[in-house]
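Student: This is the content of run_8.cif (mmCIF, C-alpha atoms and all ligand atoms):
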```
data_entry
#
loop_
_atom_site.group_PDB
_atom_site.id
_atom_site.type_symbol
_atom_site.label_atom_id
_atom_site.label_comp_id
_atom_site.auth_asym_id
_atom_site.auth_seq_id
_atom_site.Cartn_x
_atom_site.Cartn_y
_atom_site.Cartn_z
ATOM 1 C CA MET A 1 0.240 10.465 -3.831
ATOM 2 C CA LYS A 2 -2.491 7.860 -3.336
ATOM 3 C CA ILE A 3 -1.546 6.145 -6.582
ATOM 4 C CA ILE A 4 2.067 5.819 -5.453
ATOM 5 C CA ILE A 5 0.956 4.260 -2.164
ATOM 6 C CA ILE A 6 -1.319 1.835 -4.040
ATOM 7 C CA VAL A 7 1.487 0.907 -6.431
ATOM 8 C CA VAL A 8 3.918 0.395 -3.554
ATOM 9 C CA LEU A 9 1.325 -1.722 -1.728
ATOM 10 C CA ALA A 10 0.684 -3.715 -4.897
ATOM 11 C CA ILE A 11 4.420 -4.319 -5.308
ATOM 12 C CA ILE A 12 4.706 -5.388 -1.663
ATOM 13 C CA VAL A 13 1.701 -7.717 -1.981
ATOM 14 C CA GLY A 14 3.116 -9.077 -5.235
ATOM 15 C CA LEU A 15 6.505 -9.689 -3.616
ATOM 16 C CA VAL A 16 4.831 -11.396 -0.652
ATOM 17 C CA ILE A 17 2.829 -13.633 -3.003
ATOM 18 C CA ILE A 18 5.885 -14.420 -5.158
ATOM 19 C CA GLY A 19 7.993 -14.913 -2.038
ATOM 20 C CA GLY A 20 5.410 -17.245 -0.540
ATOM 21 C CA GLY A 21 5.126 -19.158 -3.760
ATOM 22 C CA LEU A 22 8.890 -19.422 -4.017
ATOM 23 C CA GLY A 23 9.062 -20.557 -0.427
ATOM 24 C CA THR A 24 6.493 -23.241 -1.104
ATOM 25 C CA PHE A 25 8.336 -24.249 -4.257
ATOM 26 C CA VAL A 26 11.680 -24.398 -2.434
ATOM 27 C CA SER A 27 10.211 -26.459 0.385
ATOM 28 C CA TYR A 28 8.483 -28.695 -2.205
ATOM 29 C CA VAL A 29 11.792 -29.265 -4.004
ATOM 30 C CA GLY A 30 13.435 -29.811 -0.632
ATOM 31 C CA GLU A 31 10.835 -32.445 0.249
ATOM 32 C CA GLY A 32 11.343 -34.097 -3.113
ATOM 33 C CA THR A 33 15.089 -34.189 -2.584
ATOM 34 C CA GLU A 34 14.522 -35.600 0.894
ATOM 35 C CA LYS A 35 12.256 -38.285 -0.547
ATOM 36 C CA ILE A 36 14.835 -39.164 -3.206
ATOM 37 C CA LYS A 37 17.466 -39.434 -0.457
ATOM 38 C CA GLN A 38 15.140 -41.651 1.586
ATOM 39 C CA ASN A 39 14.499 -43.819 -1.485
ATOM 40 C CA GLU A 40 18.243 -44.103 -2.053
ATOM 41 C CA LYS A 41 18.688 -45.102 1.596
ATOM 42 C CA LEU A 42 15.905 -47.692 1.269
ATOM 43 C CA GLN A 43 17.530 -48.975 -1.923
ATOM 44 C CA ASP A 44 20.862 -49.270 -0.082
ATOM 45 C CA ILE A 45 19.200 -51.114 2.787
ATOM 46 C CA LYS A 46 17.402 -53.439 0.357
ATOM 47 C CA GLU A 47 20.699 -54.168 -1.415
ATOM 48 C CA GLN A 48 22.466 -54.810 1.891
ATOM 49 C CA ILE A 49 19.676 -57.156 3.006
ATOM 50 C CA SER A 50 19.659 -59.081 -0.277
ATOM 51 C CA THR A 51 23.468 -59.292 -0.255
ATOM 52 C CA THR A 52 23.389 -60.593 3.308
ATOM 53 C CA ILE A 53 20.609 -63.074 2.508
ATOM 54 C CA ASN A 54 22.426 -64.286 -0.619
ATOM 55 C CA SER A 55 25.681 -64.803 1.247
ATOM 56 C CA GLU A 56 23.827 -66.644 4.033
ATOM 57 C CA ILE A 57 22.121 -68.846 1.417
ATOM 58 C CA GLU A 58 25.511 -69.527 -0.177
ATOM 59 C CA LYS A 59 26.961 -70.419 3.216
ATOM 60 C CA SER A 60 24.083 -72.761 4.027
ATOM 61 C CA ASP A 61 24.422 -74.322 0.545
ATOM 62 C CA ILE A 62 28.081 -74.992 1.278
ATOM 63 C CA VAL A 63 27.173 -76.498 4.657
ATOM 64 C CA ILE A 64 24.442 -78.680 3.099
ATOM 65 C CA LYS A 65 26.802 -79.727 0.307
ATOM 66 C CA SER A 66 29.600 -80.646 2.710
ATOM 67 C CA ILE A 67 27.148 -82.521 4.972
ATOM 68 C CA SER A 68 25.719 -84.508 2.049
ATOM 69 C CA GLU A 69 29.213 -85.129 0.681
ATOM 70 C CA SER A 70 30.485 -86.447 3.992
ATOM 71 C CA LYS A 71 27.335 -88.537 4.397
ATOM 72 C CA ASN A 72 27.351 -89.981 0.872
ATOM 73 C CA LYS A 73 30.902 -90.503 -0.147
ATOM 74 C CA CYS A 74 30.467 -91.691 -3.674
ATOM 75 C CA ASP A 75 33.222 -92.988 -5.893
ATOM 76 C CA PRO A 76 33.576 -90.712 -8.952
ATOM 77 C CA SER A 77 34.131 -93.707 -11.225
ATOM 78 C CA TYR A 78 30.395 -94.454 -10.949
ATOM 79 C CA PRO A 79 28.735 -91.054 -11.547
ATOM 80 C CA ASP A 80 25.137 -92.273 -11.971
ATOM 81 C CA VAL A 81 25.015 -94.272 -8.741
ATOM 82 C CA CYS A 82 26.484 -93.793 -5.293
ATOM 83 C CA ILE A 83 29.005 -96.463 -4.428
ATOM 84 C CA SER A 84 31.380 -95.851 -1.549
ATOM 85 C CA PRO A 85 34.981 -95.383 -2.610
ATOM 86 C CA TYR A 86 37.606 -98.120 -2.571
ATOM 87 C CA PRO A 87 38.806 -99.467 -0.123
ATOM 88 C CA PRO A 88 37.136 -101.682 0.866
ATOM 89 C CA GLY A 89 36.625 -103.337 -2.492
ATOM 90 C CA LEU A 90 33.048 -104.311 -3.323
ATOM 91 C CA ASP A 91 31.601 -107.000 -5.578
ATOM 92 C CA CYS A 92 28.491 -106.649 -7.701
ATOM 93 C CA GLY A 93 26.659 -108.854 -5.199
ATOM 94 C CA GLU A 94 27.352 -106.347 -2.440
ATOM 95 C CA ILE A 95 25.707 -103.386 -4.160
ATOM 96 C CA SER A 96 22.123 -102.852 -5.267
ATOM 97 C CA TYR A 97 22.972 -101.391 -8.683
ATOM 98 C CA SER A 98 23.442 -103.032 -12.052
ATOM 99 C CA ASN A 99 24.183 -101.864 -15.592
ATOM 100 C CA PHE A 100 25.528 -98.496 -14.405
ATOM 101 C CA ARG A 101 28.007 -96.227 -16.150
ATOM 102 C CA VAL A 102 31.653 -96.722 -15.243
ATOM 103 C CA ILE A 103 34.283 -94.091 -16.014
ATOM 104 C CA GLY A 104 37.893 -93.613 -15.026
ATOM 105 C CA SER A 105 39.891 -96.013 -12.896
ATOM 106 C CA ASP A 106 37.031 -98.342 -11.757
ATOM 107 C CA PRO A 107 38.683 -99.210 -8.401
ATOM 108 C CA HIS A 108 36.032 -101.828 -7.520
ATOM 109 C CA GLU A 109 36.450 -103.493 -10.934
ATOM 110 C CA PHE A 110 32.725 -103.598 -11.604
ATOM 111 C CA ASP A 111 33.474 -103.268 -15.332
ATOM 112 C CA LYS A 112 35.973 -106.063 -15.889
ATOM 113 C CA ASP A 113 35.337 -106.224 -19.648
ATOM 114 C CA GLY A 114 35.981 -102.485 -19.925
ATOM 115 C CA ASN A 115 32.908 -101.560 -21.997
ATOM 116 C CA GLY A 116 31.961 -98.715 -19.635
ATOM 117 C CA ILE A 117 29.030 -100.542 -18.010
ATOM 118 C CA GLY A 118 29.335 -102.001 -14.522
ATOM 119 C CA CYS A 119 27.709 -105.144 -13.081
ATOM 120 C CA GLU A 120 25.976 -106.124 -16.316
ATOM 121 C CA LYS A 121 23.094 -108.510 -16.022
HETATM 122 CA CA CA B 201 31.074 -104.086 -18.389
#
```
Let's see the structure in the file written out as C-alpha cells.
Ligand SMILES: [Ca+2]

Tutor:
Amino acid sequence: MKIIIIVVLAIIVGLVIIGGGLGTFVSYVGEGTEKIKQNEKLQDIKEQISTTINSEIEKSDIVIKSISESKNKCDPSYPDVCISPYPPGLDCGEISYSNFRVIGSDPHEFDKDGNGIGCEK
C-alpha cells in the first residue's frame, strides 16, 4: 500500500515538474514569438521611416532642381557653360566664356564657322 502511494506521489511530482517545465517552455516560445513580432514591427517602422525620408529627399531634390533651373536658365546649345537662352541675342563680348562647346541650333550664333566651338580666341 505504501509503495502504491509513493509511486502515485512520484507520478504526481513528475507530472508537476514536466508540467512546470512545459509551461516555462511554452512561455519561453511565446516570448520568442512576441520578440519576433516586435522585431517585425520595428522593421516595418524602419522601412516606413526610410521610405518617408527618401520621398522627402526626392521632393527636396525636385524643389532644389527647379529653383536652380529657374535661377540659371541655361541654353542647351552650350552644355559646358551657362548662357541665358535666346532672346535676347548675345555677342561673344557680352559673355565671359570663350572656346566652349556648341551643339544644336546655336541661337546666339557664337559658332559662326560651325566647327562646334563658340567664341574662339
Ligand atoms: Ca567656331

Student: Enter the distance from CA of Ser77 in chain A to CA of Ile62 in chain A, in Å, rounded to one decimal.

Tutor: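 Calculated distance between CA of Ser77 in chain A and CA of Ile62 in chain A is 23.3 Å.
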
Student: For the PyMOL selection byres (((chain A and resi 86) around 8) and not hetatm), applied here, can you spell out every residue it catches as number ranges by chain?

Tutor: A: 75, 84-85, 87-90, 107-108

Student: Apply the PyMOL selection byres (((chain A and resi 98) around 7) and not hetatm) to the displayed file and report the matching residues as number ranges by chain.

Tutor: A: 96-97, 99-100, 118-121

Student: Neighbours of ligand CA 201 (chain B) at 6 Å or closer, counting all atoms listed in the file: which residues, as a list in words?

Tutor: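 Every residue with an atom at most 6 Å from ligand CA 201 (chain B) is listed here: Asp111, Lys112, Asp113, Gly114, Asn115, Gly116, Ile117, Gly118 and Glu120 of chain A.
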
Student: Under the rule that only C-alpha atoms are counted, which of A:Leu42, A:Leu22, A:Ile103, A:Met1 is the nearest residue to Pro76 in chain A?

Tutor: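 Smallest distance to Pro76 in chain A is found for A:Ile103.
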
Student: Report, in Å to a single decimal, how far apart CA of Asp80 in chain A and CA of Glu109 in chain A are.

Tutor: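 Between CA of Glu109 in chain A and CA of Asp80 in chain A the gap works out to 16.0 Å.
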
Student: Given the choices A:Ile36, A:Ile49, A:Val81, A:Ile57, which gets closest to Ile95 in chain A if the distance is worked out from all atoms listed in the file?

Tutor: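 Checking each candidate against Ile95 in chain A, we get A:Val81 as the closest.
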
Student: Hey, can I get the axis-aligned box for range 102-110 of chain A? All listed atoms, 6 Å padding on each side, centre and edge lengths in Å to one decimal, as JSON.

Tutor:
```
{"center_x": 35.8, "center_y": -98.6, "center_z": -11.8, "size_x": 20.2, "size_y": 22.0, "size_z": 20.5}
```

Student: Figure out the distance between CA of Ser55 in chain A and CA of Asn39 in chain A, please, to one decimal in Å.

Tutor: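 We find that CA of Asn39 in chain A and CA of Ser55 in chain A lie 23.9 Å from each other.
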
Student: Ranking A:Glu56, A:Asp106, A:Glu47, A:Glu31 by minimum distance to Ile83 in chain A and counting only C-alpha atoms, which one comes first?

Tutor: A:Asp106

Student: Name the closest residue to Cys82 in chain A among the candidates A:Lys41, A:Arg101, A:Gly19, A:Thr24; distances are taken between atoms, counting all atoms listed in the file.

Tutor: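 The closest residue to Cys82 in chain A is A:Arg101.
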